[in-house]
>>> print(open('model.cif').read())   # mmCIF, C-alpha atoms
data_start
loop_
_atom_site.label_atom_id
_atom_site.label_comp_id
_atom_site.auth_asym_id
_atom_site.auth_seq_id
_atom_site.Cartn_x
_atom_site.Cartn_y
_atom_site.Cartn_z
CA MET A 9 0.00 0.00 0.00
CA LYS A 10 1.44 3.36 -1.09
CA LYS A 11 1.76 6.01 1.62
CA ILE A 12 0.72 9.29 0.00
CA ALA A 13 0.24 12.96 0.77
CA VAL A 14 -2.29 15.05 -1.16
CA PHE A 15 -1.58 18.75 -1.72
CA ALA A 16 -4.64 20.98 -2.32
CA SER A 17 -5.55 24.66 -2.07
CA GLY A 18 -9.29 24.85 -2.79
CA SER A 19 -12.59 22.99 -2.50
CA GLY A 20 -10.95 19.58 -2.64
CA SER A 21 -13.20 17.75 -5.12
CA ASN A 22 -10.25 15.74 -6.51
CA PHE A 23 -9.04 15.11 -2.96
CA GLN A 24 -12.50 13.71 -2.20
CA ALA A 25 -12.41 11.50 -5.30
CA ILE A 26 -9.09 10.04 -4.08
CA VAL A 27 -10.46 9.53 -0.53
CA ASP A 28 -13.55 7.79 -1.98
CA ALA A 29 -11.41 5.52 -4.18
CA VAL A 30 -9.25 4.53 -1.18
CA ASN A 31 -12.37 3.82 0.90
CA ALA A 32 -13.90 1.79 -1.95
CA GLY A 33 -10.72 -0.28 -2.24
CA THR A 34 -10.07 0.73 -5.86
CA LEU A 35 -6.97 2.75 -4.94
CA ASP A 36 -4.40 0.84 -2.91
CA ALA A 37 -3.04 3.79 -0.96
CA GLU A 38 -3.10 5.33 2.47
CA ILE A 39 -3.55 9.11 2.59
CA ARG A 40 -1.36 10.05 5.53
CA LEU A 41 -1.43 13.82 5.11
CA LEU A 42 -3.21 16.71 3.43
CA VAL A 43 -0.91 19.67 2.73
CA CYS A 44 -2.75 22.96 2.22
CA ASP A 45 -1.50 26.54 1.83
CA GLN A 46 -4.88 28.26 2.32
CA PRO A 47 -6.25 28.27 5.90
CA SER A 48 -9.79 28.97 4.63
CA ALA A 49 -9.85 26.19 2.00
CA ALA A 50 -12.86 23.85 2.08
CA VAL A 51 -10.57 20.84 1.50
CA LEU A 52 -9.49 21.09 5.16
CA GLN A 53 -13.01 20.17 6.29
CA ARG A 54 -13.09 17.24 3.88
CA ALA A 55 -9.82 15.97 5.38
CA GLN A 56 -11.13 16.45 8.91
CA GLN A 57 -14.27 14.45 8.07
CA ALA A 58 -12.10 11.70 6.57
CA ARG A 59 -9.88 11.76 9.72
CA ILE A 60 -6.77 12.59 7.70
CA ASP A 61 -3.91 14.59 9.24
CA ARG A 62 -3.69 18.15 7.98
CA PHE A 63 -0.72 20.48 7.62
CA CYS A 64 -1.88 23.96 6.74
CA LYS A 65 0.31 27.02 6.87
CA SER A 66 0.55 30.11 4.75
CA PRO A 67 3.86 30.55 2.88
CA LYS A 68 3.75 34.16 4.14
CA ASP A 69 4.57 32.83 7.63
CA PHE A 70 8.03 31.76 6.42
CA VAL A 71 11.17 33.69 5.47
CA ASP A 72 11.07 32.30 1.93
CA LYS A 73 9.79 29.47 -0.27
CA THR A 74 12.68 27.17 0.68
CA ALA A 75 11.92 27.50 4.40
CA PHE A 76 8.23 26.77 3.72
CA GLU A 77 9.06 23.70 1.64
CA LYS A 78 11.61 22.40 4.16
CA GLU A 79 8.88 22.45 6.79
CA ILE A 80 6.61 20.50 4.41
CA VAL A 81 9.39 17.95 3.74
CA GLN A 82 9.77 17.46 7.50
CA GLN A 83 6.02 16.79 7.78
CA LEU A 84 6.19 14.31 4.87
CA LYS A 85 9.27 12.48 6.21
CA SER A 86 7.78 12.15 9.71
CA ARG A 87 4.89 10.22 8.15
CA ASP A 88 7.02 8.09 5.78
CA ILE A 89 5.33 9.59 2.71
CA GLU A 90 6.39 7.83 -0.50
CA PHE A 91 4.39 9.72 -3.13
CA ILE A 92 2.84 13.19 -3.52
CA VAL A 93 -0.45 13.81 -5.34
CA LEU A 94 -1.26 17.41 -6.29
CA ALA A 95 -5.01 18.02 -6.45
CA GLY A 96 -5.64 21.70 -7.14
CA TYR A 97 -2.53 22.88 -5.31
CA MET A 98 -1.98 26.41 -6.59
CA ARG A 99 1.75 26.72 -5.96
CA LEU A 100 4.77 25.71 -8.02
CA ILE A 101 6.71 22.91 -6.34
CA GLY A 102 10.27 24.04 -5.63
CA THR A 103 13.61 22.27 -5.43
CA ALA A 104 13.39 21.44 -1.70
CA ILE A 105 10.47 19.06 -2.35
CA LEU A 106 11.51 17.97 -5.86
CA LYS A 107 14.92 16.86 -4.56
CA GLU A 108 13.35 14.66 -1.87
CA TYR A 109 10.67 13.15 -4.14
CA PRO A 110 12.16 12.72 -7.63
CA GLU A 111 9.65 11.23 -10.09
CA SER A 112 7.23 10.73 -7.19
CA ILE A 113 4.99 13.79 -7.61
CA VAL A 114 2.01 13.95 -9.98
CA ASN A 115 -0.41 16.74 -10.82
CA ILE A 116 -3.77 17.05 -12.51
CA HIS A 117 -4.42 20.02 -14.80
CA PRO A 118 -7.70 21.11 -16.49
CA SER A 119 -6.43 21.35 -20.09
CA LEU A 120 -4.74 19.21 -22.71
CA LEU A 121 -1.16 20.17 -21.95
CA PRO A 122 1.03 21.64 -23.34
CA ASP A 123 -1.95 23.90 -24.22
CA PHE A 124 -3.08 26.38 -21.54
CA PRO A 125 -0.68 25.79 -18.65
CA GLY A 126 -0.87 27.79 -15.42
CA LYS A 127 -3.86 29.46 -13.81
CA ASP A 128 -7.40 29.50 -15.23
CA ALA A 129 -6.75 26.93 -17.95
CA ILE A 130 -10.50 26.64 -18.61
CA GLY A 131 -10.83 30.40 -19.11
CA GLN A 132 -7.77 30.35 -21.37
CA ALA A 133 -9.27 27.55 -23.49
CA MET A 134 -12.62 29.33 -23.82
CA ASP A 135 -10.98 32.64 -24.71
CA ALA A 136 -9.00 30.84 -27.41
CA GLY A 137 -12.26 29.44 -28.83
CA VAL A 138 -11.08 25.81 -28.89
CA GLN A 139 -13.73 23.12 -29.38
CA VAL A 140 -11.81 20.42 -27.55
CA SER A 141 -10.08 20.73 -24.19
CA GLY A 142 -9.81 18.28 -21.33
CA MET A 143 -7.56 17.21 -18.50
CA THR A 144 -3.98 16.03 -18.13
CA ILE A 145 -2.24 13.99 -15.44
CA HIS A 146 1.51 14.55 -15.47
CA TYR A 147 4.67 14.19 -13.44
CA VAL A 148 5.85 17.37 -11.76
CA ASP A 149 9.15 19.04 -12.60
CA ALA A 150 10.51 22.53 -11.89
CA GLY A 151 8.44 24.15 -14.68
CA MET A 152 4.83 25.33 -14.85
CA ASP A 153 2.87 22.21 -15.92
CA THR A 154 5.82 21.03 -18.05
CA GLY A 155 6.50 17.54 -16.62
CA PRO A 156 6.10 14.30 -18.63
CA ILE A 157 2.46 13.54 -19.49
CA ILE A 158 0.99 10.31 -18.05
CA ALA A 159 -2.63 10.47 -19.28
CA GLN A 160 -5.10 12.82 -20.97
CA THR A 161 -8.86 12.88 -21.50
CA GLU A 162 -10.57 15.05 -24.10
CA ILE A 163 -13.72 17.08 -23.37
CA GLN A 164 -15.84 18.77 -26.04
CA ILE A 165 -16.58 22.48 -25.65
CA HIS A 166 -19.92 23.42 -27.22
CA ALA A 167 -20.79 26.87 -28.59
CA ASN A 168 -23.36 27.62 -25.86
CA ASP A 169 -21.28 26.28 -22.95
CA SER A 170 -20.68 28.48 -19.93
CA ARG A 171 -17.40 28.28 -18.03
CA ASP A 172 -19.24 26.30 -15.32
CA ASP A 173 -20.50 23.76 -17.88
CA VAL A 174 -16.97 23.09 -19.10
CA GLN A 175 -15.56 22.98 -15.58
CA LYS A 176 -18.20 20.44 -14.47
CA ARG A 177 -17.44 18.12 -17.39
CA ILE A 178 -13.70 18.37 -16.84
CA GLN A 179 -14.09 17.71 -13.12
CA GLN A 180 -16.29 14.67 -13.78
CA ALA A 181 -13.52 13.27 -15.98
CA GLU A 182 -10.87 14.15 -13.39
CA HIS A 183 -12.71 12.40 -10.55
CA ILE A 184 -12.89 9.18 -12.57
CA CYS A 185 -9.43 9.30 -14.16
CA TYR A 186 -7.19 10.49 -11.34
CA PRO A 187 -7.73 7.58 -8.89
CA LYS A 188 -7.60 5.11 -11.79
CA VAL A 189 -4.29 6.46 -13.15
CA LEU A 190 -2.79 6.61 -9.64
CA GLN A 191 -3.68 2.95 -9.12
CA GLU A 192 -2.05 2.05 -12.44
CA LEU A 193 1.12 3.94 -11.44
CA PHE A 194 1.31 2.27 -8.03
CA THR A 195 0.67 -1.19 -9.49
CA LYS A 196 3.38 -0.64 -12.11
CA GLU A 197 5.86 0.50 -9.44
CA THR A 198 5.12 -2.56 -7.30
CA THR A 199 5.60 -4.86 -10.29
CA ASN A 200 8.88 -3.16 -11.22
CA THR A 201 10.29 -3.45 -7.69
CA ALA A 202 9.15 -7.04 -7.11
CA PRO A 203 12.09 -9.49 -6.68
#
>>> encode(input="model.cif", output="structure tokens")
Amino acid sequence: MKKIAVFASGSGSNFQAIVDAVNAGTLDAEIRLLVCDQPSAAVLQRAQQARIDRFCKSPKDFVDKTAFEKEIVQQLKSRDIEFIVLAGYMRLIGTAILKEYPESIVNIHPSLLPDFPGKDAIGQAMDAGVQVSGMTIHYVDAGMDTGPIIAQTEIQIHANDSRDDVQKRIQQAEHICYPKVLQELFTKETTNTAP
């Protein structure tokens, strides 16, 4: 069973999808920690209800990004975390965490990368007038949504769609795909490390 930490900054719908998959037995993982950088984020209540440890501090409380990330690494190490899952975490991961967890951090992004990286990918896609967008699961590197792509799902954007319509469809796909892809990754890792 993979010991994971989930990083999130907002409502936590992907966090909830991961919790539900673990509880249903379709994701062979133990969520040992939620890392959050927004003290008012709704995801904290979801974690509390699921009885999952929470680490929530504002980066502003630290001298710099490195100090903030070193504190996070300490929290992860104290719980033997093996893998990090970003689920709407609105901060770039820096070298302090990347160094400790090479090729062990994944992210989900609401566009078909490399198109529309960064914030408000759905708004970017709609402004560009594309008819197809979607979601991407990828490994995290030092860039903004630039890590190797693991999986993508396409979503149609219709002429009369509102931003909410598109977001709902993308989130529905995310909630199904993310736990499934994580399970595939963990199964593959176990197979590769088996004697």
>>> resolve_selection(input="model.cif", expression="the PyMOL selection byres ((chain A and resi 98) around 8)", output="JSON, numbers by chain")
{"A": [16, 17, 96, 97, 99, 100]}
>>> residues_around(input="model.cif", residues="A:Asn115", least_positions_apart="6", cutoff="7 Å", atoms="all atoms listed in the file", output="list in words")
Val93, Leu94, Ala95, Ile145, His146, Tyr147 and Val148 of chain A
>>> closest_residue(input="model.cif", among="A:Ala29, A:Ala159, A:Ala167, A:Leu35", to="A:Thr195", atoms="only C-alpha atoms")
A:Leu35
>>> residues_around(input="model.cif", residues="A:Asp149", least_positions_apart="5", cutoff="12 Å", atoms="only C-alpha atoms", output="list in words")
Leu100, Ile101, Gly102, Thr103, Ala104, Ile105, Leu106, Lys107, Tyr109, Pro110, Glu111, Ser112, Ile113, Val114, Asn115, Thr154, Gly155, Pro156 and Ile157 of chain A
>>> closest_residue(input="model.cif", among="A:Glu108, A:Ile26, A:Ile130, A:Leu190", to="A:Asp169", atoms="all atoms listed in the file")
A:Ile130
>>> closest_residue(input="model.cif", among="A:Asp72, A:Ile92, A:Ser86, A:Gln180", to="A:Lys10", atoms="all atoms listed in the file")
A:Ile92
>>> residues_around(input="model.cif", residues="stretch 161-166 of chain A", least_positions_apart="5", cutoff="6 Å", atoms="all atoms listed in the file", output="list in words")
Gln139, Val140, Ser141, Gly142 and Met143 of chain A
>>> write_last_selection(input="model.cif", atoms="C-alpha atoms", output="compact mmCIF listing (two decimals), keeping the file's coordinate frame")
# COMPACT_ATOMS: atom_id res chain seq x y z
CA GLN A 139 -13.73 23.12 -29.38
CA VAL A 140 -11.81 20.42 -27.55
CA SER A 141 -10.08 20.73 -24.19
CA GLY A 142 -9.81 18.28 -21.33
CA MET A 143 -7.56 17.21 -18.50
>>> build_atoms(input="model.cif", residues="stretch 79-96 of chain A", atoms="N, CA, C and O atoms", output="PDB file, in the frame of the given file")
ATOM      1  N   GLU A  79       9.842  22.820   5.743  1.00  0.00           N
ATOM      2  CA  GLU A  79       8.880  22.450   6.790  1.00  0.00           C
ATOM      3  C   GLU A  79       7.928  21.370   6.265  1.00  0.00           C
ATOM      4  O   GLU A  79       7.622  20.399   6.966  1.00  0.00           O
ATOM      5  N   ILE A  80       7.489  21.512   5.010  1.00  0.00           N
ATOM      6  CA  ILE A  80       6.610  20.500   4.410  1.00  0.00           C
ATOM      7  C   ILE A  80       7.344  19.158   4.315  1.00  0.00           C
ATOM      8  O   ILE A  80       6.797  18.113   4.687  1.00  0.00           O
ATOM      9  N   VAL A  81       8.593  19.185   3.858  1.00  0.00           N
ATOM     10  CA  VAL A  81       9.390  17.950   3.740  1.00  0.00           C
ATOM     11  C   VAL A  81       9.484  17.251   5.094  1.00  0.00           C
ATOM     12  O   VAL A  81       9.353  16.027   5.190  1.00  0.00           O
ATOM     13  N   GLN A  82       9.701  18.023   6.143  1.00  0.00           N
ATOM     14  CA  GLN A  82       9.770  17.460   7.500  1.00  0.00           C
ATOM     15  C   GLN A  82       8.474  16.736   7.858  1.00  0.00           C
ATOM     16  O   GLN A  82       8.492  15.625   8.406  1.00  0.00           O
ATOM     17  N   GLN A  83       7.341  17.396   7.522  1.00  0.00           N
ATOM     18  CA  GLN A  83       6.020  16.790   7.780  1.00  0.00           C
ATOM     19  C   GLN A  83       5.856  15.484   6.990  1.00  0.00           C
ATOM     20  O   GLN A  83       5.332  14.497   7.500  1.00  0.00           O
ATOM     21  N   LEU A  84       6.317  15.494   5.732  1.00  0.00           N
ATOM     22  CA  LEU A  84       6.190  14.310   4.870  1.00  0.00           C
ATOM     23  C   LEU A  84       7.068  13.171   5.402  1.00  0.00           C
ATOM     24  O   LEU A  84       6.626  12.021   5.502  1.00  0.00           O
ATOM     25  N   LYS A  85       8.318  13.495   5.734  1.00  0.00           N
ATOM     26  CA  LYS A  85       9.270  12.480   6.210  1.00  0.00           C
ATOM     27  C   LYS A  85       8.793  11.857   7.523  1.00  0.00           C
ATOM     28  O   LYS A  85       8.945  10.659   7.745  1.00  0.00           O
ATOM     29  N   SER A  86       8.225  12.669   8.400  1.00  0.00           N
ATOM     30  CA  SER A  86       7.780  12.150   9.710  1.00  0.00           C
ATOM     31  C   SER A  86       6.635  11.158   9.556  1.00  0.00           C
ATOM     32  O   SER A  86       6.352  10.384  10.469  1.00  0.00           O
ATOM     33  N   ARG A  87       5.995  11.158   8.399  1.00  0.00           N
ATOM     34  CA  ARG A  87       4.890  10.220   8.150  1.00  0.00           C
ATOM     35  C   ARG A  87       5.250   9.165   7.104  1.00  0.00           C
ATOM     36  O   ARG A  87       4.382   8.463   6.594  1.00  0.00           O
ATOM     37  N   ASP A  88       6.539   9.086   6.762  1.00  0.00           N
ATOM     38  CA  ASP A  88       7.020   8.090   5.780  1.00  0.00           C
ATOM     39  C   ASP A  88       6.320   8.187   4.428  1.00  0.00           C
ATOM     40  O   ASP A  88       6.039   7.162   3.792  1.00  0.00           O
ATOM     41  N   ILE A  89       6.021   9.402   3.989  1.00  0.00           N
ATOM     42  CA  ILE A  89       5.330   9.590   2.710  1.00  0.00           C
ATOM     43  C   ILE A  89       6.242   9.129   1.561  1.00  0.00           C
ATOM     44  O   ILE A  89       7.407   9.477   1.504  1.00  0.00           O
ATOM     45  N   GLU A  90       5.644   8.351   0.639  1.00  0.00           N
ATOM     46  CA  GLU A  90       6.390   7.830  -0.500  1.00  0.00           C
ATOM     47  C   GLU A  90       6.062   8.552  -1.811  1.00  0.00           C
ATOM     48  O   GLU A  90       6.839   8.524  -2.762  1.00  0.00           O
ATOM     49  N   PHE A  91       4.875   9.170  -1.853  1.00  0.00           N
ATOM     50  CA  PHE A  91       4.390   9.720  -3.130  1.00  0.00           C
ATOM     51  C   PHE A  91       3.506  10.927  -2.842  1.00  0.00           C
ATOM     52  O   PHE A  91       2.735  10.927  -1.880  1.00  0.00           O
ATOM     53  N   ILE A  92       3.623  11.955  -3.690  1.00  0.00           N
ATOM     54  CA  ILE A  92       2.840  13.190  -3.520  1.00  0.00           C
ATOM     55  C   ILE A  92       1.867  13.341  -4.685  1.00  0.00           C
ATOM     56  O   ILE A  92       2.255  13.214  -5.851  1.00  0.00           O
ATOM     57  N   VAL A  93       0.604  13.629  -4.344  1.00  0.00           N
ATOM     58  CA  VAL A  93      -0.450  13.810  -5.340  1.00  0.00           C
ATOM     59  C   VAL A  93      -0.963  15.248  -5.238  1.00  0.00           C
ATOM     60  O   VAL A  93      -1.508  15.636  -4.204  1.00  0.00           O
ATOM     61  N   LEU A  94      -0.751  16.040  -6.286  1.00  0.00           N
ATOM     62  CA  LEU A  94      -1.260  17.410  -6.290  1.00  0.00           C
ATOM     63  C   LEU A  94      -2.690  17.397  -6.820  1.00  0.00           C
ATOM     64  O   LEU A  94      -2.960  16.818  -7.874  1.00  0.00           O
ATOM     65  N   ALA A  95      -3.600  18.024  -6.069  1.00  0.00           N
ATOM     66  CA  ALA A  95      -5.010  18.020  -6.450  1.00  0.00           C
ATOM     67  C   ALA A  95      -5.566  19.435  -6.290  1.00  0.00           C
ATOM     68  O   ALA A  95      -6.237  19.745  -5.315  1.00  0.00           O
ATOM     69  N   GLY A  96      -5.208  20.304  -7.250  1.00  0.00           N
ATOM     70  CA  GLY A  96      -5.640  21.700  -7.140  1.00  0.00           C
ATOM     71  C   GLY A  96      -4.775  22.472  -6.164  1.00  0.00           C
ATOM     72  O   GLY A  96      -5.262  23.336  -5.436  1.00  0.00           O
TER      73      GLY A  96
END
